[in-house]
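> If it helps, the file is called final-v2.cif and holds mmCIF, C-alpha atoms and all ligand atoms:
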data_start
loop_
_atom_site.label_atom_id
_atom_site.label_comp_id
_atom_site.auth_asym_id
_atom_site.auth_seq_id
_atom_site.Cartn_x
_atom_site.Cartn_y
_atom_site.Cartn_z
CA MET A 14 19.31 20.24 6.54
CA VAL A 15 20.86 22.65 3.96
CA ARG A 16 18.33 21.44 1.37
CA GLN A 17 15.55 22.05 3.86
CA LEU A 18 16.72 25.62 4.53
CA ILE A 19 17.06 26.43 0.80
CA ARG A 20 13.57 25.05 0.23
CA LEU A 21 12.21 27.13 3.07
CA ALA A 22 13.87 30.33 1.79
CA CYS A 23 12.46 29.78 -1.74
CA LEU A 24 9.05 29.07 -0.27
CA MET A 25 9.09 32.32 1.70
CA ILE A 26 10.10 34.44 -1.35
CA LEU A 27 7.36 32.85 -3.47
CA ASN A 28 4.82 33.25 -0.69
CA VAL A 29 5.45 36.99 -0.19
CA LYS A 30 4.89 37.50 -3.94
CA PHE A 31 1.76 35.35 -3.77
CA LEU A 32 0.31 37.24 -0.77
CA PHE A 33 0.98 40.62 -2.42
CA ARG A 34 -1.50 39.69 -5.15
CA TYR A 35 -4.33 39.49 -2.58
CA SER A 36 -3.45 42.58 -0.58
CA ASN A 37 -6.71 44.36 -1.51
CA GLN A 38 -9.01 41.30 -1.08
CA PRO A 39 -9.16 40.60 2.69
CA LYS A 40 -10.94 37.19 2.51
CA ALA A 41 -8.64 35.80 -0.17
CA PHE A 42 -5.65 37.28 1.65
CA PHE A 43 -6.43 35.39 4.87
CA GLU A 44 -7.15 32.15 3.00
CA ALA A 45 -3.80 32.46 1.21
CA LEU A 46 -2.09 33.21 4.53
CA ALA A 47 -3.56 30.07 6.12
CA TYR A 48 -2.41 27.96 3.16
CA ILE A 49 1.10 29.43 3.34
CA THR A 50 1.34 28.86 7.09
CA ALA A 51 0.44 25.19 6.58
CA SER A 52 2.98 24.74 3.76
CA ILE A 53 5.81 26.42 5.71
CA HIS A 54 4.94 24.31 8.76
CA SER A 55 5.20 21.17 6.67
CA ALA A 56 8.48 22.28 5.05
CA MET A 57 9.97 22.92 8.48
CA GLN A 58 9.16 19.46 9.75
CA SER A 59 12.10 17.32 8.96
CA PHE A 60 11.37 13.69 8.36
CA HIS A 61 14.94 12.82 7.61
CA VAL A 62 15.89 9.69 9.56
CA ASP A 63 19.60 9.08 10.09
CA PRO A 64 20.83 6.13 7.98
CA ASP A 65 22.89 5.00 10.96
CA ILE A 66 20.37 3.13 13.09
CA ALA A 67 22.60 3.49 16.14
CA LEU A 68 22.32 7.27 15.91
CA ALA A 69 18.84 7.60 14.46
CA GLN A 70 15.69 8.94 16.07
CA THR A 71 12.29 7.68 14.96
CA LEU A 72 9.92 9.85 12.91
CA SER A 73 8.64 12.89 14.72
CA LYS A 74 5.23 12.32 16.32
CA GLU A 75 3.78 15.02 14.01
CA PHE A 76 3.80 12.42 11.27
CA TYR A 77 1.07 10.54 13.15
CA THR A 78 -0.94 13.54 14.33
CA SER A 79 -0.97 15.99 11.39
CA HIS A 80 -4.00 16.01 9.06
CA HIS A 81 -1.88 17.82 6.51
CA LEU A 82 0.69 14.98 6.44
CA PHE A 83 -2.02 12.32 6.42
CA GLU A 84 -3.37 13.95 3.25
CA ALA A 85 0.13 14.45 1.79
CA CYS A 86 0.78 10.70 2.06
CA LYS A 87 -1.99 10.05 -0.49
CA GLU A 88 -0.05 11.38 -3.45
CA LYS A 89 3.49 11.16 -2.09
CA LEU A 90 3.38 7.59 -0.81
CA PHE A 91 0.28 5.72 -1.90
CA ALA A 92 -0.42 6.99 -5.44
CA ARG A 93 3.27 6.57 -6.35
CA SER A 94 3.66 3.04 -5.00
CA TRP A 95 2.37 -0.27 -6.37
CA GLN A 96 -0.83 -1.55 -4.87
CA PHE A 97 -2.29 -5.04 -4.72
CA ILE A 98 -5.55 -5.40 -6.67
CA GLY A 99 -6.34 -9.11 -6.26
CA SER A 100 -6.01 -12.03 -8.62
CA THR A 101 -6.75 -12.63 -12.29
CA ASP A 102 -9.72 -14.77 -11.11
CA LEU A 103 -11.64 -11.50 -10.66
CA ALA A 104 -11.95 -11.23 -14.46
CA LYS A 105 -11.19 -14.80 -15.47
CA LYS A 106 -13.01 -15.23 -18.79
CA THR A 107 -13.30 -13.22 -22.00
CA GLY A 108 -15.76 -10.38 -21.46
CA ASP A 109 -15.56 -10.40 -17.66
CA ILE A 110 -15.48 -7.00 -16.00
CA TYR A 111 -14.90 -6.30 -12.32
CA PRO A 112 -15.27 -2.79 -10.83
CA LEU A 113 -13.17 -1.97 -7.76
CA THR A 114 -12.10 1.04 -5.75
CA LEU A 115 -8.42 1.43 -4.95
CA LEU A 116 -8.04 2.07 -1.20
CA PRO A 117 -11.68 3.07 -0.57
CA GLY A 118 -12.03 6.18 1.58
CA TYR A 119 -8.39 7.18 1.01
CA LEU A 120 -7.10 7.07 -2.58
CA ASP A 121 -10.73 6.25 -3.45
CA GLU A 122 -9.93 5.69 -7.12
CA PRO A 123 -12.72 3.98 -9.15
CA LEU A 124 -11.23 1.39 -11.50
CA VAL A 125 -12.48 -1.52 -13.57
CA LEU A 126 -10.69 -4.72 -14.46
CA THR A 127 -11.61 -6.06 -17.92
CA HIS A 128 -10.72 -9.22 -19.85
CA ASP A 129 -10.85 -8.41 -23.57
CA LYS A 130 -11.47 -10.82 -26.46
CA THR A 131 -7.75 -11.20 -27.18
CA GLY A 132 -7.27 -12.54 -23.64
CA VAL A 133 -5.57 -9.41 -22.27
CA VAL A 134 -6.55 -8.17 -18.81
CA HIS A 135 -6.77 -4.37 -18.57
CA LEU A 136 -7.20 -2.04 -15.63
CA LEU A 137 -9.11 1.09 -16.65
CA ALA A 138 -10.41 4.24 -15.01
CA ASN A 139 -14.06 3.42 -14.33
CA VAL A 140 -15.02 7.03 -15.06
CA CYS A 141 -16.79 8.12 -18.23
CA THR A 142 -14.81 10.65 -20.28
CA HIS A 143 -18.04 12.60 -21.02
CA ARG A 144 -19.20 13.87 -17.60
CA GLY A 145 -17.36 11.63 -15.18
CA ASN A 146 -20.13 9.15 -14.41
CA ILE A 147 -19.07 5.81 -12.90
CA ILE A 148 -19.47 3.31 -15.74
CA ALA A 149 -19.49 -0.23 -14.34
CA ASP A 150 -21.30 -0.76 -11.02
CA HIS A 151 -21.21 -4.54 -10.78
CA ALA A 152 -19.16 -7.49 -12.01
CA CYS A 153 -20.59 -9.18 -15.11
CA ALA A 154 -19.74 -10.51 -18.59
CA THR A 155 -20.16 -8.04 -21.46
CA SER A 156 -18.81 -7.21 -24.91
CA HIS A 157 -18.24 -3.49 -24.15
CA LEU A 158 -18.60 -0.84 -21.44
CA ARG A 159 -21.65 1.40 -21.82
CA CYS A 160 -22.15 4.49 -19.67
CA LYS A 161 -25.69 4.60 -18.33
CA TYR A 162 -25.86 8.40 -18.24
CA HIS A 163 -25.80 9.40 -21.95
CA GLY A 164 -24.85 6.16 -23.64
CA ARG A 165 -21.14 6.56 -24.44
CA VAL A 166 -19.62 3.17 -25.31
CA PHE A 167 -16.04 1.93 -24.86
CA GLN A 168 -14.22 -1.24 -25.90
CA LEU A 169 -12.90 -3.49 -23.14
CA ASP A 170 -9.41 -2.07 -23.70
CA GLY A 171 -10.79 1.40 -22.90
CA LYS A 172 -10.92 2.75 -26.49
CA PHE A 173 -13.85 5.06 -27.25
CA LEU A 174 -16.36 3.30 -29.52
CA SER A 175 -19.47 5.45 -29.95
CA MET A 176 -21.59 8.26 -28.55
CA PRO A 177 -25.11 9.39 -29.48
CA GLU A 178 -25.76 13.03 -30.55
CA PHE A 179 -22.07 13.84 -31.07
CA LYS A 180 -21.89 13.95 -34.93
CA GLU A 181 -21.41 17.72 -35.03
CA VAL A 182 -18.65 17.83 -32.41
CA LYS A 183 -15.35 18.86 -33.99
CA ASN A 184 -12.04 17.07 -33.40
CA PHE A 185 -13.92 14.20 -31.82
CA PRO A 186 -13.16 11.53 -30.76
CA SER A 187 -9.54 11.88 -29.72
CA ASN A 188 -7.27 10.07 -27.26
CA ILE A 189 -8.72 11.97 -24.33
CA ASP A 190 -12.09 10.34 -24.98
CA ASP A 191 -10.60 6.89 -24.29
CA LEU A 192 -10.64 5.51 -20.76
CA LYS A 193 -7.29 5.90 -19.01
CA GLN A 194 -5.47 2.56 -19.00
CA LEU A 195 -3.32 1.86 -15.93
CA SER A 196 -0.16 -0.23 -15.78
CA VAL A 197 -0.69 -3.72 -14.45
CA PHE A 198 2.09 -5.87 -13.01
CA ARG A 199 1.45 -9.56 -12.63
CA TRP A 200 3.08 -12.15 -10.39
CA GLY A 201 1.44 -15.55 -10.73
CA LYS A 202 -2.27 -14.72 -10.51
CA TRP A 203 -1.73 -11.58 -8.45
CA LEU A 204 -2.15 -8.16 -9.98
CA PHE A 205 -0.67 -4.84 -8.89
CA THR A 206 -1.09 -1.32 -10.16
CA SER A 207 0.19 2.17 -9.54
CA LEU A 208 -1.80 5.39 -10.07
CA ASN A 209 1.31 7.44 -10.72
CA ASN A 210 3.96 4.87 -11.39
CA GLN A 211 7.33 6.47 -11.30
CA GLU A 212 9.23 3.31 -10.49
CA ASN A 213 9.08 -0.08 -12.04
CA ALA A 214 6.99 -2.58 -10.07
CA ALA A 215 9.92 -4.99 -10.08
CA VAL A 216 11.86 -2.66 -7.77
CA PHE A 217 9.16 -3.23 -5.15
CA LEU A 218 8.50 -6.91 -5.70
CA GLN A 219 11.54 -8.61 -7.24
CA GLU A 220 13.22 -9.75 -4.00
CA MET A 221 10.03 -11.52 -2.91
CA MET A 222 9.56 -13.08 -6.36
CA GLN A 223 13.18 -14.25 -6.57
CA ARG A 224 13.37 -15.55 -3.02
CA LEU A 225 10.23 -17.64 -3.54
CA HIS A 226 10.85 -18.53 -7.21
CA TRP A 227 10.23 -22.19 -6.39
CA LEU A 228 6.71 -21.67 -5.03
CA PRO A 229 3.90 -22.69 -7.43
CA VAL A 230 2.12 -19.36 -6.97
CA HIS A 231 -0.33 -20.12 -9.81
CA GLU A 232 -1.79 -22.89 -7.64
CA PHE A 233 -2.66 -20.63 -4.71
CA GLU A 234 -6.45 -20.44 -4.29
CA PHE A 235 -8.25 -17.50 -2.77
CA HIS A 236 -10.56 -18.43 0.15
CA PRO A 237 -13.05 -15.61 0.81
CA GLU A 238 -14.54 -17.50 3.77
CA LEU A 239 -11.14 -17.39 5.49
CA SER A 240 -10.52 -13.73 4.59
CA LYS A 241 -11.68 -10.76 6.64
CA ASP A 242 -11.23 -7.07 7.41
CA PHE A 243 -10.09 -5.67 10.75
CA VAL A 244 -10.63 -2.06 11.79
CA VAL A 245 -7.85 -0.80 14.04
CA LYS A 246 -8.16 2.46 15.98
CA ALA A 247 -4.70 3.70 15.05
CA HIS A 248 -2.71 5.52 12.37
CA TRP A 249 -1.84 3.24 9.44
CA ALA A 250 1.92 3.68 9.92
CA LEU A 251 1.76 2.52 13.55
CA TYR A 252 0.15 -0.69 12.36
CA CYS A 253 2.97 -1.20 9.81
CA GLU A 254 5.71 -0.42 12.32
CA ASN A 255 4.44 -3.06 14.70
CA TYR A 256 4.52 -5.59 11.86
CA LEU A 257 8.07 -4.60 10.97
CA GLU A 258 9.77 -5.80 14.13
CA GLY A 259 9.79 -9.20 15.79
CA PHE A 260 11.13 -7.52 18.94
CA HIS A 261 7.69 -7.57 20.56
CA ILE A 262 6.99 -11.28 19.89
CA PRO A 263 8.13 -12.61 23.29
CA PHE A 264 6.27 -9.79 25.08
CA VAL A 265 3.02 -9.73 23.12
CA HIS A 266 2.54 -13.09 21.37
CA ALA A 267 3.03 -16.01 23.74
CA GLY A 268 1.53 -18.48 21.22
CA LEU A 269 3.71 -17.37 18.31
CA ASN A 270 6.75 -17.22 20.57
CA ALA A 271 6.26 -20.90 21.36
CA VAL A 272 6.73 -21.93 17.72
CA ILE A 273 9.29 -19.33 16.49
CA ASP A 274 12.99 -19.40 17.34
CA PHE A 275 13.38 -15.80 18.54
CA GLY A 276 17.20 -16.05 18.68
CA ASN A 277 17.35 -16.80 14.94
CA TYR A 278 14.68 -14.32 13.82
CA SER A 279 16.26 -12.06 11.19
CA THR A 280 15.46 -9.03 9.02
CA GLU A 281 16.76 -8.31 5.51
CA LEU A 282 16.35 -4.91 3.86
CA PHE A 283 15.86 -4.24 0.15
CA LYS A 284 15.17 -1.05 -1.77
CA TRP A 285 11.40 -0.66 -1.20
CA SER A 286 10.67 -3.89 0.63
CA ASN A 287 12.05 -6.02 3.43
CA LEU A 288 11.86 -9.55 4.76
CA GLN A 289 11.58 -10.98 8.25
CA LEU A 290 12.52 -14.62 8.35
CA GLY A 291 10.82 -16.67 11.05
CA ILE A 292 12.71 -19.85 11.94
CA ALA A 293 10.77 -22.75 13.44
CA LYS A 294 11.51 -23.89 16.98
CA ASP A 295 12.29 -27.59 17.51
CA ASP A 296 9.87 -29.78 15.51
CA GLU A 297 7.40 -27.04 14.61
CA ASP A 298 6.08 -26.90 11.06
CA CYS A 299 8.41 -25.44 8.43
CA PHE A 300 8.81 -25.21 4.64
CA ASP A 301 10.17 -28.16 2.73
CA LEU A 302 12.68 -26.06 0.80
CA PRO A 303 14.18 -27.14 -2.54
CA LYS A 304 17.98 -27.33 -2.95
CA ASP A 305 18.06 -24.21 -5.15
CA SER A 306 16.46 -22.04 -2.48
CA ILE A 307 19.04 -19.83 -0.78
CA ASP A 308 17.37 -20.79 2.48
CA ALA A 309 17.83 -24.54 1.91
CA GLY A 310 18.87 -26.17 5.17
CA LYS A 311 17.05 -23.60 7.31
CA LYS A 312 13.83 -24.44 9.15
CA VAL A 313 11.83 -21.52 7.75
CA ALA A 314 8.42 -21.28 9.46
CA ALA A 315 7.37 -18.04 7.74
CA TYR A 316 8.53 -15.48 5.22
CA TYR A 317 7.16 -12.09 6.24
CA PHE A 318 7.61 -9.71 3.30
CA PHE A 319 6.69 -6.05 3.65
CA VAL A 320 6.32 -3.99 0.46
CA PHE A 321 6.35 -0.25 0.96
CA PRO A 322 4.21 1.50 2.00
CA ASN A 323 1.32 -0.78 3.10
CA MET A 324 1.46 -4.40 1.91
CA MET A 325 2.38 -7.51 3.87
CA PHE A 326 2.85 -10.92 2.27
CA ASN A 327 3.07 -13.66 4.88
CA PHE A 328 4.04 -16.99 3.36
CA TYR A 329 3.52 -20.13 5.45
CA PRO A 330 3.85 -23.80 4.51
CA TRP A 331 0.07 -23.78 3.87
CA GLY A 332 0.01 -20.71 1.59
CA LEU A 333 -0.21 -16.94 1.85
CA SER A 334 -1.93 -14.37 4.03
CA VAL A 335 -1.86 -10.95 2.33
CA ASN A 336 -2.50 -7.97 4.60
CA ILE A 337 -3.42 -4.70 2.92
CA VAL A 338 -3.23 -1.71 5.26
CA GLN A 339 -5.76 0.95 4.26
CA PRO A 340 -5.74 4.37 5.92
CA ILE A 341 -9.18 5.68 6.88
CA SER A 342 -8.34 8.63 9.13
CA LEU A 343 -5.56 9.74 11.46
CA HIS A 344 -7.09 7.47 14.08
CA GLU A 345 -8.45 4.57 12.07
CA THR A 346 -7.11 1.96 9.67
CA LYS A 347 -8.70 -0.96 7.89
CA VAL A 348 -6.55 -4.03 7.38
CA SER A 349 -7.77 -6.64 4.89
CA PHE A 350 -6.52 -10.18 5.48
CA LEU A 351 -6.75 -12.17 2.25
CA THR A 352 -6.15 -15.92 2.49
CA TYR A 353 -4.67 -17.95 -0.38
CA ILE A 354 -4.23 -21.67 0.28
CA TRP A 355 -1.70 -23.86 -1.45
CA ASN A 356 -1.42 -26.90 0.84
CA GLU A 357 -4.70 -27.35 2.70
CA SER A 358 -3.38 -30.16 4.91
CA LYS A 359 -1.01 -27.71 6.61
CA TYR A 360 -3.57 -24.95 7.11
CA ASN A 361 -3.54 -23.42 10.60
CA THR A 362 -0.30 -25.05 11.70
CA GLY A 363 2.99 -23.61 12.98
CA ALA A 364 3.65 -19.87 12.69
CA GLY A 365 0.68 -19.59 10.34
CA SER A 366 -1.83 -20.74 12.97
CA GLY A 367 -4.09 -18.69 15.26
CA LEU A 368 -3.63 -15.60 13.09
CA ASP A 369 -6.80 -13.98 14.53
CA LYS A 370 -5.38 -14.23 18.04
CA VAL A 371 -2.04 -12.76 16.93
CA GLU A 372 -3.98 -9.95 15.21
CA MET A 373 -5.96 -9.14 18.39
CA GLU A 374 -2.72 -9.03 20.38
CA ASP A 375 -1.17 -6.68 17.80
CA GLU A 376 -4.25 -4.45 17.66
CA GLU A 377 -4.30 -4.03 21.42
CA VAL A 378 -0.70 -2.84 21.55
CA VAL A 379 -0.97 -0.65 18.41
CA GLU A 380 -4.12 1.06 19.76
CA ASN A 381 -2.26 1.75 23.00
CA VAL A 382 0.59 3.36 21.06
CA GLN A 383 -1.98 5.48 19.20
CA LYS A 384 -3.13 6.86 22.57
CA GLY A 385 0.42 7.38 23.85
CA ILE A 386 2.00 8.98 20.81
CA ARG A 387 -0.23 12.05 21.17
CA SER A 388 1.18 12.80 24.61
CA ARG A 389 2.83 16.18 25.18
CA PHE A 390 5.73 14.21 26.65
CA TYR A 391 6.50 12.07 23.61
CA GLN A 392 8.35 13.35 20.57
CA HIS A 393 10.77 10.73 19.20
CA GLY A 394 12.05 7.30 20.11
CA ARG A 395 15.25 5.38 19.29
CA TYR A 396 15.78 1.99 17.64
CA SER A 397 17.21 -1.31 18.81
CA VAL A 398 20.12 -1.91 16.41
CA THR A 399 19.62 -5.68 16.52
CA ARG A 400 15.81 -5.90 16.54
CA GLU A 401 14.32 -2.87 14.80
CA GLN A 402 16.01 -2.65 11.41
CA GLY A 403 12.63 -3.03 9.65
CA THR A 404 11.05 -0.11 11.50
CA HIS A 405 14.12 2.06 10.84
CA HIS A 406 13.97 1.13 7.14
CA PHE A 407 10.25 2.01 7.00
CA HIS A 408 10.85 5.41 8.60
CA ARG A 409 13.74 6.10 6.20
CA MET A 410 11.49 5.32 3.22
CA ILE A 411 8.71 7.57 4.54
CA GLY A 412 11.20 10.40 5.14
CA GLU A 413 12.57 10.05 1.62
CA TRP A 414 9.18 9.89 -0.12
CA ILE A 415 7.58 12.67 1.89
CA GLY A 416 10.47 14.93 0.88
CA LYS A 417 10.00 14.18 -2.85
CA GLU A 418 8.04 16.41 -5.19
CA VAL A 419 5.13 14.66 -6.92
CA ASP A 420 4.93 14.62 -10.72
CA ARG A 421 1.41 14.26 -12.00
S1 LIG A 501 -21.40 10.77 -18.49
FE1 LIG A 501 -21.12 9.01 -19.61
S2 LIG A 501 -22.19 9.38 -21.43
FE2 LIG A 501 -22.42 11.20 -20.31
FE FE A 502 2.90 -8.75 16.31
#
Would you kindly transcribe this structure into structure tokens?
Ligand code: FES
Ligand SMILES: [Fe+2]

Amino acid sequence: MVRQLIRLACLMILNVKFLFRYSNQPKAFFEALAYITASIHSAMQSFHVDPDIALAQTLSKEFYTSHHLFEACKEKLFARSWQFIGSTDLAKKTGDIYPLTLLPGYLDEPLVLTHDKTGVVHLLANVCTHRGNIIADHACATSHLRCKYHGRVFQLDGKFLSMPEFKEVKNFPSNIDDLKQLSVFRWGKWLFTSLNNQENAAVFLQEMMQRLHWLPVHEFEFHPELSKDFVVKAHWALYCENYLEGFHIPFVHAGLNAVIDFGNYSTELFKWSNLQLGIAKDDEDCFDLPKDSIDAGKKVAAYYFFVFPNMMFNFYPWGLSVNIVQPISLHETKVSFLTYIWNESKYNTGAGSGLDKVEMEDEEVVENVQKGIRSRFYQHGRYSVTREQGTHHFHRMIGEWIGKEVDR
């Protein structure tokens, strides 16, 4: 609270100085005033969530209704976090390139995955350093990247190689003529990147990797025919919150409730991720855990890992369903379900069966919350201490990240 007030006071002093500059230009003055009003409004909204879940209130509803905050989440949450790109199979062989857009319609960052002749996989900005043209527009095998606009050529590691009609240009080429190379973190075949990585990827992913160290993740095969996108008419964070508590299972998912032992359902919190452990009921399908797993002896039906701010990794005895939550607007979210199979004979059994039905049940309730949260009569909620630790953790992370300044 004190920090918030100091920030507000500084903002007001700076803003008066800023406005003074435009005092004799009416149009610019009013534009500056509108900008300042928006920034003070955002500074006044506290998204601090009490660390004591028994005392805490949920995020203010403004988080779900403000365009300004929806935009702010781009740089403050999404660009700073680690995002799932796919698997190394996208650029499997030497010379393979694979263009992709990171969170299309939101971060909308054009990138290209390349596999150079030394066997290294790179993730590069897919934007020519001459005039910003998109370089690669389809996946193919090639020895270099050539921009189709004026012919600038780059190596597959992003280094500038050649450019016609540029002999006379002084101090050229330099580092800024190379394609920006992004950090890539790899777990098994899966690749992750961050546009503005300020924290090591391991801080986001290590608990999942350690907990499942015994899984042969290299053997997981992507099945595009079993993968699909869902469009949900709700704010992205409402979709995540619903995922983060098993509280609603008996009320919303009769099928899942029949195979999961609700009494033994548990949540574990880590720094930027958390785990919900689904225990199988009676003789329902569960993992055959090795002795060196810390869960050995438990009948684990599913590991539901959430990695902040928008990734879900659902491990079942048959393999993995990755859910990537992609904001589209304040009212719309795309969720990509990517299916990786490890043990085909167990596919569609136990907690990992009927996932489409579970998704429809979740969408219905999340879309209802989207309608309700806008009500004049709703502002905050409270948390169940025993059943909503994941949602509380998610809100705490949002509050912390939204309050942070962004270094570019
Ligand atoms: S924009 Fe790529 S060569 Fe001009
Ligand atoms: Fe659900």
> Name the closest residue to Thr131 in chain A among the candidates A:Gln168, A:Met222, A:Trp95, A:Glu377; distances are taken between atoms, counting all atoms listed in the file.
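Of the candidates, the smallest distance to Thr131 in chain A is held by A:Gln168.
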> Near range 243-251 of chain A, within 7 Å and counting all atoms listed in the file, which residues show up once chain neighbours fewer than 3 positions away are dropped, as a PDB file with C-alpha atoms, in the coordinates of the input?

ATOM      1  CA  TYR A  77       1.070  10.540  13.150  1.00  0.00           C
ATOM      2  CA  GLU A 254       5.710  -0.420  12.320  1.00  0.00           C
ATOM      3  CA  ASN A 255       4.440  -3.060  14.700  1.00  0.00           C
ATOM      4  CA  VAL A 338      -3.230  -1.710   5.260  1.00  0.00           C
ATOM      5  CA  GLN A 339      -5.760   0.950   4.260  1.00  0.00           C
ATOM      6  CA  PRO A 340      -5.740   4.370   5.920  1.00  0.00           C
ATOM      7  CA  LEU A 343      -5.560   9.740  11.460  1.00  0.00           C
ATOM      8  CA  HIS A 344      -7.090   7.470  14.080  1.00  0.00           C
ATOM      9  CA  GLU A 345      -8.450   4.570  12.070  1.00  0.00           C
ATOM     10  CA  THR A 346      -7.110   1.960   9.670  1.00  0.00           C
ATOM     11  CA  LYS A 347      -8.700  -0.960   7.890  1.00  0.00           C
ATOM     12  CA  VAL A 348      -6.550  -4.030   7.380  1.00  0.00           C
ATOM     13  CA  SER A 349      -7.770  -6.640   4.890  1.00  0.00           C
ATOM     14  CA  GLU A 376      -4.250  -4.450  17.660  1.00  0.00           C
ATOM     15  CA  VAL A 379      -0.970  -0.650  18.410  1.00  0.00           C
ATOM     16  CA  GLU A 380      -4.120   1.060  19.760  1.00  0.00           C
ATOM     17  CA  GLN A 383      -1.980   5.480  19.200  1.00  0.00           C
TER      18      GLN A 383
END
> Could you check how far CA of Val378 in chain A sits from CA of Val398 in chain A, in Å to one decimal?
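Between CA of Val378 in chain A and CA of Val398 in chain A the gap is 21.5 Å.
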> Within 7 Å of ligand FE 502 (chain A), which residues of chain A come that close, and what is the closest atom pair and distance in Å for each? Count only C-alpha atoms and all ligand atoms and give it as JSON lines.

{"residue": "A:Asn255", "atom": "CA", "partner": "A:FE502", "partner_atom": "FE", "distance": 6.1}
{"residue": "A:Tyr256", "atom": "CA", "partner": "A:FE502", "partner_atom": "FE", "distance": 5.7}
{"residue": "A:Gly259", "atom": "CA", "partner": "A:FE502", "partner_atom": "FE", "distance": 6.9}
{"residue": "A:His261", "atom": "CA", "partner": "A:FE502", "partner_atom": "FE", "distance": 6.5}
{"residue": "A:Ile262", "atom": "CA", "partner": "A:FE502", "partner_atom": "FE", "distance": 6.0}
{"residue": "A:Val265", "atom": "CA", "partner": "A:FE502", "partner_atom": "FE", "distance": 6.9}
{"residue": "A:His266", "atom": "CA", "partner": "A:FE502", "partner_atom": "FE", "distance": 6.7}
{"residue": "A:Val371", "atom": "CA", "partner": "A:FE502", "partner_atom": "FE", "distance": 6.4}
{"residue": "A:Glu374", "atom": "CA", "partner": "A:FE502", "partner_atom": "FE", "distance": 6.9}
{"residue": "A:Asp375", "atom": "CA", "partner": "A:FE502", "partner_atom": "FE", "distance": 4.8}
> Give as a CSV table (one decimal) with C-alpha atoms, keeping the file's coordinate frame each residue that has an atom at most 12 Å from (7.8, -1.1, -9.4) in the file, counting only C-alpha atoms.

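Final file, part.csv:
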chain,number,residue,atom,x,y,z
A,93,ARG,CA,3.3,6.6,-6.4
A,94,SER,CA,3.7,3.0,-5.0
A,95,TRP,CA,2.4,-0.3,-6.4
A,96,GLN,CA,-0.8,-1.6,-4.9
A,97,PHE,CA,-2.3,-5.0,-4.7
A,196,SER,CA,-0.2,-0.2,-15.8
A,197,VAL,CA,-0.7,-3.7,-14.4
A,198,PHE,CA,2.1,-5.9,-13.0
A,199,ARG,CA,1.4,-9.6,-12.6
A,205,PHE,CA,-0.7,-4.8,-8.9
A,206,THR,CA,-1.1,-1.3,-10.2
A,207,SER,CA,0.2,2.2,-9.5
A,208,LEU,CA,-1.8,5.4,-10.1
A,209,ASN,CA,1.3,7.4,-10.7
A,210,ASN,CA,4.0,4.9,-11.4
A,211,GLN,CA,7.3,6.5,-11.3
A,212,GLU,CA,9.2,3.3,-10.5
A,213,ASN,CA,9.1,-0.1,-12.0
A,214,ALA,CA,7.0,-2.6,-10.1
A,215,ALA,CA,9.9,-5.0,-10.1
A,216,VAL,CA,11.9,-2.7,-7.8
A,217,PHE,CA,9.2,-3.2,-5.2
A,218,LEU,CA,8.5,-6.9,-5.7
A,219,GLN,CA,11.5,-8.6,-7.2
A,220,GLU,CA,13.2,-9.8,-4.0
A,284,LYS,CA,15.2,-1.0,-1.8
A,285,TRP,CA,11.4,-0.7,-1.2
A,286,SER,CA,10.7,-3.9,0.6
A,320,VAL,CA,6.3,-4.0,0.5
A,321,PHE,CA,6.4,-0.2,1.0
> Restricting the calculation to all atoms listed in the file: of A:Cys141, A:Ile189, A:Leu225, A:Leu195, which residue gets closest to ligand LIG 501 (chain A)?
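Of the candidates, the smallest distance to ligand LIG 501 (chain A) is held by A:Cys141.
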> Near Asp274 in chain A, within 10 Å and counting all atoms listed in the file, which residues show up once chain neighbours fewer than 3 positions away are dropped, as a list in words?
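Using all atoms listed in the file, the neighbours found are Leu269, Asn270, Ala271, Asn277, Tyr278, Gly291, Ile292, Ala293, Lys294, Asp295, Glu297, Lys312, Val313 and Ala314 of chain A.
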> N, CA and C atoms for range 74-81 of chain A, written as a PDB file, keeping the file's coordinate frame, could you do that?

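Saved file out-v2.pdb follows:
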ATOM      1  N   LYS A  74       6.624  12.721  16.075  1.00  0.00           N
ATOM      2  CA  LYS A  74       5.230  12.320  16.320  1.00  0.00           C
ATOM      3  C   LYS A  74       4.256  13.080  15.432  1.00  0.00           C
ATOM      4  N   GLU A  75       4.672  14.238  14.889  1.00  0.00           N
ATOM      5  CA  GLU A  75       3.780  15.020  14.010  1.00  0.00           C
ATOM      6  C   GLU A  75       3.342  14.176  12.817  1.00  0.00           C
ATOM      7  N   PHE A  76       4.186  13.249  12.410  1.00  0.00           N
ATOM      8  CA  PHE A  76       3.800  12.420  11.270  1.00  0.00           C
ATOM      9  C   PHE A  76       2.482  11.688  11.536  1.00  0.00           C
ATOM     10  N   TYR A  77       2.249  11.330  12.795  1.00  0.00           N
ATOM     11  CA  TYR A  77       1.070  10.540  13.150  1.00  0.00           C
ATOM     12  C   TYR A  77      -0.120  11.401  13.589  1.00  0.00           C
ATOM     13  N   THR A  78       0.129  12.701  13.772  1.00  0.00           N
ATOM     14  CA  THR A  78      -0.940  13.540  14.330  1.00  0.00           C
ATOM     15  C   THR A  78      -1.388  14.656  13.377  1.00  0.00           C
ATOM     16  N   SER A  79      -0.650  14.869  12.280  1.00  0.00           N
ATOM     17  CA  SER A  79      -0.970  15.990  11.390  1.00  0.00           C
ATOM     18  C   SER A  79      -1.924  15.565  10.263  1.00  0.00           C
ATOM     19  N   HIS A  80      -3.053  16.264  10.161  1.00  0.00           N
ATOM     20  CA  HIS A  80      -4.000  16.010   9.060  1.00  0.00           C
ATOM     21  C   HIS A  80      -3.338  16.332   7.729  1.00  0.00           C
ATOM     22  N   HIS A  81      -2.548  17.386   7.730  1.00  0.00           N
ATOM     23  CA  HIS A  81      -1.880  17.820   6.510  1.00  0.00           C
ATOM     24  C   HIS A  81      -0.969  16.692   5.970  1.00  0.00           C
TER      25      HIS A  81
END
